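Asker: Dumping the structure here so I can ask a few things about it.
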Amino acid sequence: MFEKLFDGAKFAQVGYVVNDIEDAKAKYAAALGCENPPICTGGAYEVTQTKVFGKPAPDADCKMAFFNLESGIQLELIEPNDAPSVWRDHLDKYGEGIHHIAFTVEDTEETVAKCLKLGMTVEQEGNYGDNSGRYVYLDAFDLLKCRVELLQNFK
């Protein structure tokens with residue numbers, strides 16, 4: 001049907017959007033029997049260069065907390081601000097819950113090109129807040145029944 005889409009990719013993360021990150025991370029920490037992780041923000045627009053549906057989105061931001069599980073999979077909690085973003089859109093439309101599954105890839109541009117050929121669309125993209133990598137959210141609902149995030153860590 002189609003070429004191997006995530007060739008060399010590693011399943012890395014499940015992301016959830018939440019209304020109250022403090023409450024959600026306390027509950028997950030208790031359920032997982034681990035320490036409550038710190039909260040970070042998406043970062044300054046000058047670094048992230050966030051785009052939502054191809055347009056600059058300097059106000060799109062969020063609070064995030066990351067649980068690094070023993071399996072090697074990361075659980076990400078995201079509390080978006082009120083500015084337009086795929087996080088805010090998902091929370092407003094569907095409420096709290098799973099937002100995306102993520103894969104680490106070597107080359108986001110190459111993988112995005114493959115995804116676009118299969119009819120996926122880029123919803124949001126930008127650099128990590130510390131500029132150590134890049135993320136791209138793709139609408140893969142028609143093909144894979146979910147939103148996919150591609151993560152590329154710069155070396």
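Residues are named by chain letter and number: chains run A, B, ... in the order of the structure tokens, numbers start at 1 in each chain, and ligands are numbered from 1 in the order shown.
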Applying 8 Å and only C-alpha atoms, which residues near Glu76 (chain A) remain after dropping the ones on its own chain fewer than 6 positions away? List them as a PyMOL selection string.

Answerer: chain A and resi 13-16+64-67

Asker: Convert the current residue selection to file output with C-alpha atoms, as a short mmCIF file (atom, residue, chain, number, x, y, z; two decimals), in the first residue's frame.

Answerer:
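Below is the file that was written, result26.cif:
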data_model
loop_
_atom_site.label_atom_id
_atom_site.label_comp_id
_atom_site.auth_asym_id
_atom_site.auth_seq_id
_atom_site.Cartn_x
_atom_site.Cartn_y
_atom_site.Cartn_z
CA GLN A 13 6.22 9.11 23.48
CA VAL A 14 2.53 9.35 24.22
CA GLY A 15 1.29 12.90 24.80
CA TYR A 16 -1.78 13.97 26.75
CA MET A 64 4.85 20.46 29.91
CA ALA A 65 5.92 17.67 32.22
CA PHE A 66 7.73 14.51 31.13
CA PHE A 67 7.69 11.08 32.76
#

Asker: Using only C-alpha atoms, which residue out of A:Lys4, A:Lys55, A:Lys155, A:His99 lies closest to Gly126 (chain A)?

Answerer: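 Checking each candidate against Gly126 (chain A), we get A:Lys55 as the closest.
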
Asker: How close does each residue of region 21-65 of chain A get to region 83-92 of chain A, giving the shortest atom pair and distance in Å to one decimal for every residue with an atom at most 12 Å away, counting only C-alpha atoms, sorted by chain and residue number, as JSON lines?

Answerer:
{"residue": "A:Gly42", "atom": "CA", "partner": "A:Trp87", "partner_atom": "CA", "distance": 11.6}
{"residue": "A:Thr50", "atom": "CA", "partner": "A:Ser85", "partner_atom": "CA", "distance": 9.3}
{"residue": "A:Lys51", "atom": "CA", "partner": "A:Ser85", "partner_atom": "CA", "distance": 8.6}
{"residue": "A:Val52", "atom": "CA", "partner": "A:Ser85", "partner_atom": "CA", "distance": 6.1}
{"residue": "A:Phe53", "atom": "CA", "partner": "A:Ser85", "partner_atom": "CA", "distance": 8.8}
{"residue": "A:Gly54", "atom": "CA", "partner": "A:Ser85", "partner_atom": "CA", "distance": 11.3}
{"residue": "A:Lys55", "atom": "CA", "partner": "A:Ser85", "partner_atom": "CA", "distance": 10.7}
{"residue": "A:Pro56", "atom": "CA", "partner": "A:Ser85", "partner_atom": "CA", "distance": 10.7}
{"residue": "A:Ala57", "atom": "CA", "partner": "A:Pro84", "partner_atom": "CA", "distance": 7.6}
{"residue": "A:Pro58", "atom": "CA", "partner": "A:Ala83", "partner_atom": "CA", "distance": 9.0}
{"residue": "A:Asp59", "atom": "CA", "partner": "A:Ala83", "partner_atom": "CA", "distance": 5.8}
{"residue": "A:Ala60", "atom": "CA", "partner": "A:Ala83", "partner_atom": "CA", "distance": 5.1}
{"residue": "A:Asp61", "atom": "CA", "partner": "A:Ala83", "partner_atom": "CA", "distance": 7.3}
{"residue": "A:Cys62", "atom": "CA", "partner": "A:Trp87", "partner_atom": "CA", "distance": 8.2}
{"residue": "A:Lys63", "atom": "CA", "partner": "A:Trp87", "partner_atom": "CA", "distance": 10.7}
{"residue": "A:Met64", "atom": "CA", "partner": "A:Trp87", "partner_atom": "CA", "distance": 11.2}

Asker: Those residues you just picked out, can you put them in a file as a CSV table (one decimal), in the first residue's frame with N, CA and C atoms?

Answerer:
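Generated file (out-v3.csv):
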chain,number,residue,atom,x,y,z
A,42,GLY,N,7.0,25.8,26.7
A,42,GLY,CA,7.4,25.5,25.3
A,42,GLY,C,8.7,26.3,24.9
A,50,THR,N,7.5,28.6,16.3
A,50,THR,CA,6.3,27.8,16.2
A,50,THR,C,5.4,28.3,15.0
A,51,LYS,N,4.9,27.3,14.3
A,51,LYS,CA,3.9,27.6,13.2
A,51,LYS,C,2.7,26.7,13.5
A,52,VAL,N,1.5,27.2,13.3
A,52,VAL,CA,0.3,26.5,13.4
A,52,VAL,C,-0.4,26.6,12.1
A,53,PHE,N,-0.6,25.4,11.4
A,53,PHE,CA,-1.2,25.4,10.1
A,53,PHE,C,-0.4,26.3,9.1
A,54,GLY,N,0.9,26.3,9.3
A,54,GLY,CA,1.8,27.0,8.3
A,54,GLY,C,2.0,28.5,8.6
A,55,LYS,N,1.3,29.0,9.6
A,55,LYS,CA,1.4,30.4,9.9
A,55,LYS,C,2.1,30.6,11.3
A,56,PRO,N,2.9,31.7,11.3
A,56,PRO,CA,3.7,32.0,12.6
A,56,PRO,C,2.7,32.1,13.8
A,57,ALA,N,3.1,31.5,14.9
A,57,ALA,CA,2.2,31.5,16.1
A,57,ALA,C,3.0,31.8,17.3
A,58,PRO,N,3.4,33.1,17.4
A,58,PRO,CA,4.3,33.5,18.5
A,58,PRO,C,3.7,33.4,19.9
A,59,ASP,N,2.4,33.3,20.0
A,59,ASP,CA,1.7,33.2,21.3
A,59,ASP,C,1.4,31.8,21.7
A,60,ALA,N,1.5,30.9,20.8
A,60,ALA,CA,1.2,29.5,21.2
A,60,ALA,C,2.3,29.0,22.2
A,61,ASP,N,1.9,28.5,23.3
A,61,ASP,CA,2.8,28.0,24.3
A,61,ASP,C,2.0,27.0,25.2
A,62,CYS,N,2.8,26.4,26.1
A,62,CYS,CA,2.2,25.4,27.0
A,62,CYS,C,3.1,25.2,28.1
A,63,LYS,N,2.6,24.5,29.1
A,63,LYS,CA,3.4,23.9,30.2
A,63,LYS,C,3.5,22.5,29.9
A,64,MET,N,4.6,21.9,30.2
A,64,MET,CA,4.8,20.5,29.9
A,64,MET,C,5.5,19.8,31.1

Asker: Please identify which residues in region 9-98 of chain A DSSP calls helix (DSSP H, G or I) from the backbone, and express them as a list in words.

Answerer: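 Answer for region 9-98 of chain A, restricted to helix (DSSP H, G or I): Ile21, Glu22, Asp23, Ala24, Lys25, Ala26, Lys27, Tyr28, Ala29, Ala30, Ala31, Leu32, Tyr45, Glu46, Val47, Thr48, Val86, Trp87, Arg88, Asp89, His90, Leu91, Asp92, Lys93 and Tyr94 of chain A.
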
Asker: Using only C-alpha atoms, please write the residues we just selected to a file, as a short mmCIF file (atom, residue, chain, number, x, y, z; two decimals), in the first residue's frame.

Answerer:
data_model
loop_
_atom_site.label_atom_id
_atom_site.label_comp_id
_atom_site.auth_asym_id
_atom_site.auth_seq_id
_atom_site.Cartn_x
_atom_site.Cartn_y
_atom_site.Cartn_z
CA ILE A 21 -0.87 20.09 34.74
CA GLU A 22 -0.15 20.23 38.48
CA ASP A 23 -3.14 18.00 39.23
CA ALA A 24 -2.46 15.63 36.31
CA LYS A 25 1.22 15.14 37.05
CA ALA A 26 0.55 14.51 40.75
CA LYS A 27 -1.98 11.81 39.81
CA TYR A 28 0.35 10.20 37.25
CA ALA A 29 3.28 10.30 39.68
CA ALA A 30 1.16 8.53 42.30
CA ALA A 31 -0.19 6.00 39.79
CA LEU A 32 3.27 5.27 38.40
CA TYR A 45 9.14 32.20 20.08
CA GLU A 46 12.53 33.57 18.98
CA VAL A 47 13.84 30.02 19.53
CA THR A 48 10.80 27.84 18.82
CA VAL A 86 -3.07 22.05 18.13
CA TRP A 87 -2.94 21.51 21.90
CA ARG A 88 -5.63 24.15 22.59
CA ASP A 89 -7.71 22.99 19.63
CA HIS A 90 -7.65 19.36 20.82
CA LEU A 91 -8.47 20.28 24.42
CA ASP A 92 -11.36 22.51 23.36
CA LYS A 93 -12.83 19.95 20.94
CA TYR A 94 -12.26 16.66 22.76
#

Asker: Tell me which of A:Met120, A:Val105, A:Leu77, A:Leu144 sits closest to Phe6 (chain A), counting only C-alpha atoms.

Answerer: A:Val105

Asker: Hey, can you check how far CA of Val18 (chain A) sits from CA of Glu149 (chain A)?

Answerer: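 Spanning CA of Val18 (chain A) to CA of Glu149 (chain A) is a straight-line distance of 17.4 Å.
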
Asker: Between CA of Asn36 (chain A) and CA of Ile101 (chain A), measure the distance and give it in Å to one decimal.

Answerer: 21.8 Å

Asker: One decimal, Å: what's the distance from CA of Glu110 (chain A) over to CA of Ser132 (chain A), could you say?

Answerer: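 Straight-line distance from CA of Glu110 (chain A) to CA of Ser132 (chain A) works out to 18.6 Å.
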
Asker: Under the rule that only C-alpha atoms are counted, which of A:Pro38, A:Gly33, A:Gly43, A:Gly72 is the nearest residue to Asn127 (chain A)?

Answerer: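 Between A:Pro38, A:Gly33, A:Gly43, A:Gly72, the residue approaching Asn127 (chain A) most closely is A:Gly43.
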
Asker: May I ask which of the residues A:Gln152, A:Gln74, A:Asn19, A:Phe141 is the closest one to Cys115 (chain A), counting only C-alpha atoms?

Answerer: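 That would be A:Phe141, the residue with the smallest distance to Cys115 (chain A).
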
Asker: Can you tell me, as a list of chain:residue names, what residues are no more than 9 Å from Lys10 (chain A) when counting only C-alpha atoms, ignoring any on the same chain fewer than 2 positions away?

Answerer: A:Phe6, A:Asp7, A:Gly8, A:Ala12, A:Ala102, A:Phe103, A:Thr104, A:Val105

Asker: Deliver the residues from the most recent selection as a file, using N, CA and C atoms, as a short mmCIF file (atom, residue, chain, number, x, y, z; two decimals), in the first residue's frame.

Answerer:
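Output saved as selection-v1.cif:
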data_model
loop_
_atom_site.label_atom_id
_atom_site.label_comp_id
_atom_site.auth_asym_id
_atom_site.auth_seq_id
_atom_site.Cartn_x
_atom_site.Cartn_y
_atom_site.Cartn_z
N PHE A 6 8.07 5.22 8.74
CA PHE A 6 8.93 5.61 9.85
C PHE A 6 10.19 4.74 9.88
N ASP A 7 10.82 4.58 8.73
CA ASP A 7 12.02 3.77 8.61
C ASP A 7 13.11 4.31 9.54
N GLY A 8 13.59 3.47 10.44
CA GLY A 8 14.62 3.87 11.39
C GLY A 8 14.11 4.66 12.57
N ALA A 12 8.58 6.79 20.73
CA ALA A 12 9.21 7.52 21.82
C ALA A 12 8.26 8.01 22.90
N ALA A 102 4.36 9.77 19.42
CA ALA A 102 5.55 10.41 18.83
C ALA A 102 6.62 9.38 18.50
N PHE A 103 7.35 9.70 17.44
CA PHE A 103 8.47 8.90 16.98
C PHE A 103 9.69 9.79 16.84
N THR A 104 10.84 9.32 17.28
CA THR A 104 12.08 10.04 16.99
C THR A 104 12.54 9.61 15.60
N VAL A 105 12.94 10.59 14.80
CA VAL A 105 13.40 10.33 13.44
C VAL A 105 14.73 11.04 13.22
#

Asker: What residues in region 123-152 of chain A get the DSSP label strand (DSSP E or B)? Please answer as a ChimeraX atom specification.

Answerer: /A:123-127,133-140,146-152

Asker: Kindly indicate which residue among A:Phe154, A:Asp82, A:Ile73, A:Ile39 lies nearest to Phe11 (chain A), using only C-alpha atoms for the distances.

Answerer: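 For Phe11 (chain A), the nearest of the given residues is A:Ile73.
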